[in-house]
Number of protein chains: 2
Amino acid sequence: MASVGLVNPQRMHFAEPLALQSGARLRDYTLVYETYGALNADKSNAVLVCHALNASHHVAGEYEGQDKSEGWWDNLVGPGKPLDTERFFVIGINNPGSCFGSTGPMDVNPDTGKAYGADFPVVTVEDWVDAQARLIAQLGITQLAAVLGGSLGGMQALAWTLRHPERLRHCVAVATAPNLSTQNIAFNEVARRAIVTDPEFHGGHFYEHGVIPRRGLRVARMIGHITYLSDDSMEAKFGRELRATGLNYSTQEIEFQIESYLRHQGEKFSEYFDANTYLLITRALDYFDPARAFGGDLSRAFAVAKDKKFLLVSFTTDWRFSPARSRELVKALVDNQVDVSYAEIAAPHGHDAFLLEDTRYHGVMRAYFDRIAHETPGA
Amino acid sequence: MASVGLVNPQRMHFAEPLALQSGARLRDYTLVYETYGALNADKSNAVLVCHALNASHHVAGEYEGQDKSEGWWDNLVGPGKPLDTERFFVIGINNPGSCFGSTGPMDVNPDTGKAYGADFPVVTVEDWVDAQARLIAQLGITQLAAVLGGSLGGMQALAWTLRHPERLRHCVAVATAPNLSTQNIAFNEVARRAIVTDPEFHGGHFYEHGVIPRRGLRVARMIGHITYLSDDSMEAKFGRELRATGLNYSTQEIEFQIESYLRHQGEKFSEYFDANTYLLITRALDYFDPARAFGGDLSRAFAVAKDKKFLLVSFTTDWRFSPARSRELVKALVDNQVDVSYAEIAAPHGHDAFLLEDTRYHGVMRAYFDRIAHETPGA
């Protein structure tokens, strides 16, 4: 299927500080974003796509000189694709704190003249949503047709309905959860400890030392990667296959193919991802918990979103954000008599399934966006 | 219930080298062991207990000056307990490669006059069982009433039936598996990478540098610990409970109780466990795979054990060594028309359940050892 074609990231600068959940302020920041398709006359066909841990504003399409898209959701977003850019104006946005262009830890802290490093303020899902809302307003869009996201991106889509319910009509939240489980937080914490205790982390100010805490980043990514895949899909893909023809009897060399794969994933990640961003983003995951302000009552938390419409999707083998977590959300919405559709997709790929092309999954997404298009004059 | 009382670890030296699976030899080694109860006249009531990753020969009882047992299976082994030391002569043994007294990486390599460090030969479950068999022979025991172990210890109990079937009557293997799954290997590999890439590991020869790769050990233990507990038991014990009265909005400080708990576990472990031993033991886990020599056919692997009797126990919430893995073993045994009992215990504690006191679990263990006692004249 065709891609959205050549795309160009754009930058928008915000001179007015952003007040953060922590009480701190982010002053003088820039957001990077991309758009695909055309905004209709009454600006009613815009869909915002929120990214998860290691993604960015680059959702779909190719950059100059590329013959293949590296957009992280290119299989979903494009002309004739489930989120059809011939009907919708799609916006990909990079969150503050990221290492992919929006203001983040690698940028200069205007208060000190040096890179923020570990002093970049802690940002939450709610902060991101507020930053996104400003950009959407600047684009002249008063109400989004939908906000869409998977995983951590799904949390942002949910948070939109709670913080800015009047500014969207639909929330599409895939492979997400109303908060992290204890086990989720535990894995995040181990990953953070691996980074923070790497001697080359230098308390988060490693840029000044001209080094990168690669060892920690590698371990963090390896842990993360295990949790993104299902036990069965790892079994099917790698099993106990050996790398060499026989065992080497070595504790440090690679014996099994899965070891080679994980080391490769860790290596790649450590070459492009920023350590401080990793800490910030895992913390945003940990903190997200809309029920907290309501004594743990998720139904009360969603009362404010009662006029919104929702599609939730989960995947049977996702043990990071299991279907049970999506069902908690469905229950809270049903308690509020909200218009909610829910699909539990039998897919073997674990949490990563939300990024993959799966007929049933994409069928559900296509049908839902068709419905939104029918409700949207001129889409 | 009473403990076995005061115990003393004993040492046995072996001058004859041990031929290892890798083709290497372990020369001139010592094993540490403990015994509880009395060997009967015909030496038919001996039960060998094999330890898992971070345990030792110290299964039960107190050392001089202790008022409480630190034995890792003291709740199971003692007078009147499920493995009743008034009927059985119980032997706890420490494996070569360990850091708890038997010859291991911290000991002097007779070939170099320096600590073995990373040059300690890679040992397998089969090597351990061979070393254990020598010690049992030295004690004048020609046939054990049973070999018992949980987790990695269960793998040793299984390996006894394959390598020395004539030298035991019963195999009691708890919370174990016929081999590690891909995911199990993956977690081991991440833990090893955390250790090996710690700059204070020094290629495994850190003793000479007067340092310890504590950072790596901490991360390794944190990862391990998450996999020992069930998602639900972590949820029940820690949930999303905060350490302080509110959020601190910090990426490096502790926010959630689970983080505090994991850091504490990592810290404790790094103070007593040897990094090279960790590598060796996780590799022994990775390598165990009795079906490998039979083209993956577990039933054929167990043909040699057809006259043995087995008890297998698994725990419903154990996601490290799930009940499905024990059922693979049951099937292979049934295929050989072996006398096998199997109990799948509904317990909330995940893999750690095998170390805990649970009425149904201990009831099964008691009944099975009663049966063994009835079959054993003078027990």
# chains A, B, ... in the order shown; residues from 1 in each chain; ligands from 1
$ interface_residues --of "chain B" --to "chain A" --cutoff "7 Å" --atoms "only C-alpha atoms" --output "list in words"
Ser22, Val122, Ser181, Thr182, Gln183, Ala186, Glu189, Val190, Arg193, Ala194, Thr197, Arg215, Val219, Met222, Ile223, Asp231, Met234, Glu235, Phe238, Gly239, Arg240, Tyr249, Ser250, Thr251, Ile258, Glu259, Leu279, Leu280 and Arg283 of chain B
$ residues_around --residues "region 135-146 of chain B" --least-positions-apart "3" --cutoff "7 Å" --atoms "only C-alpha atoms" --output "list of chain:residue names"
B:Lys43, B:Ser44, B:Asn45, B:Ala46, B:Val47, B:Leu48, B:Ala131, B:Gln132, B:Arg167, B:Leu168, B:Arg169, B:His170, B:Cys171
$ write_last_selection --atoms "N, CA, C and O atoms" --output "JSON list (two decimals), in the first residue's frame"
[["chain", "number", "residue", "atom", "x", "y", "z"],
["B", 43, "LYS", "N", 22.05, -48.41, 55.58],
["B", 43, "LYS", "CA", 22.35, -47.20, 54.79],
["B", 43, "LYS", "C", 21.36, -47.00, 53.64],
["B", 43, "LYS", "O", 21.74, -46.59, 52.55],
["B", 44, "SER", "N", 20.09, -47.25, 53.96],
["B", 44, "SER", "CA", 19.08, -47.15, 52.90],
["B", 44, "SER", "C", 18.17, -45.94, 53.06],
["B", 44, "SER", "O", 17.26, -45.74, 52.26],
["B", 45, "ASN", "N", 18.39, -45.13, 54.08],
["B", 45, "ASN", "CA", 17.44, -44.03, 54.36],
["B", 45, "ASN", "C", 18.03, -42.64, 54.06],
["B", 45, "ASN", "O", 17.59, -41.65, 54.63],
["B", 46, "ALA", "N", 19.01, -42.59, 53.17],
["B", 46, "ALA", "CA", 19.64, -41.29, 52.88],
["B", 46, "ALA", "C", 18.87, -40.54, 51.79],
["B", 46, "ALA", "O", 18.48, -41.10, 50.77],
["B", 47, "VAL", "N", 18.67, -39.23, 52.04],
["B", 47, "VAL", "CA", 18.03, -38.35, 51.05],
["B", 47, "VAL", "C", 18.99, -37.19, 50.78],
["B", 47, "VAL", "O", 19.42, -36.49, 51.70],
["B", 48, "LEU", "N", 19.32, -37.02, 49.54],
["B", 48, "LEU", "CA", 20.19, -35.92, 49.14],
["B", 48, "LEU", "C", 19.35, -34.72, 48.73],
["B", 48, "LEU", "O", 18.40, -34.86, 47.95],
["B", 131, "ALA", "N", 29.75, -35.01, 40.87],
["B", 131, "ALA", "CA", 30.50, -34.66, 42.08],
["B", 131, "ALA", "C", 29.76, -35.13, 43.33],
["B", 131, "ALA", "O", 30.36, -35.67, 44.27],
["B", 132, "GLN", "N", 28.45, -34.94, 43.31],
["B", 132, "GLN", "CA", 27.62, -35.37, 44.45],
["B", 132, "GLN", "C", 27.70, -36.89, 44.61],
["B", 132, "GLN", "O", 27.78, -37.41, 45.73],
["B", 167, "ARG", "N", 21.55, -45.61, 41.51],
["B", 167, "ARG", "CA", 21.99, -45.13, 42.81],
["B", 167, "ARG", "C", 20.94, -44.30, 43.56],
["B", 167, "ARG", "O", 21.27, -43.63, 44.52],
["B", 168, "LEU", "N", 19.71, -44.34, 43.09],
["B", 168, "LEU", "CA", 18.61, -43.72, 43.85],
["B", 168, "LEU", "C", 17.32, -44.47, 43.54],
["B", 168, "LEU", "O", 17.22, -45.16, 42.52],
["B", 169, "ARG", "N", 16.33, -44.33, 44.45],
["B", 169, "ARG", "CA", 15.04, -44.97, 44.22],
["B", 169, "ARG", "C", 13.98, -43.95, 43.82],
["B", 169, "ARG", "O", 13.16, -44.22, 42.97],
["B", 170, "HIS", "N", 14.03, -42.75, 44.45],
["B", 170, "HIS", "CA", 13.00, -41.74, 44.18],
["B", 170, "HIS", "C", 13.64, -40.41, 43.77],
["B", 170, "HIS", "O", 14.70, -40.04, 44.29],
["B", 171, "CYS", "N", 12.93, -39.72, 42.91],
["B", 171, "CYS", "CA", 13.32, -38.37, 42.51],
["B", 171, "CYS", "C", 12.17, -37.43, 42.88],
["B", 171, "CYS", "O", 11.03, -37.65, 42.45]]
$ atom_distance --atom1 "CA of Leu158 (chain A)" --atom2 "CA of Gly37 (chain A)"
24.0 Å
$ select_by_dssp --residues "region 142-334 of chain B" --states "strand (DSSP E or B)" --output "PyMOL selection string"
chain B and resi 144-150+168-174+242+256+309-315
$ residues_around --residues "Asn75 (chain A)" --least-positions-apart "6" --cutoff "8 Å" --atoms "only C-alpha atoms" --output "list in words"
Ala60, Lys81, Leu356 and Glu357 of chain A
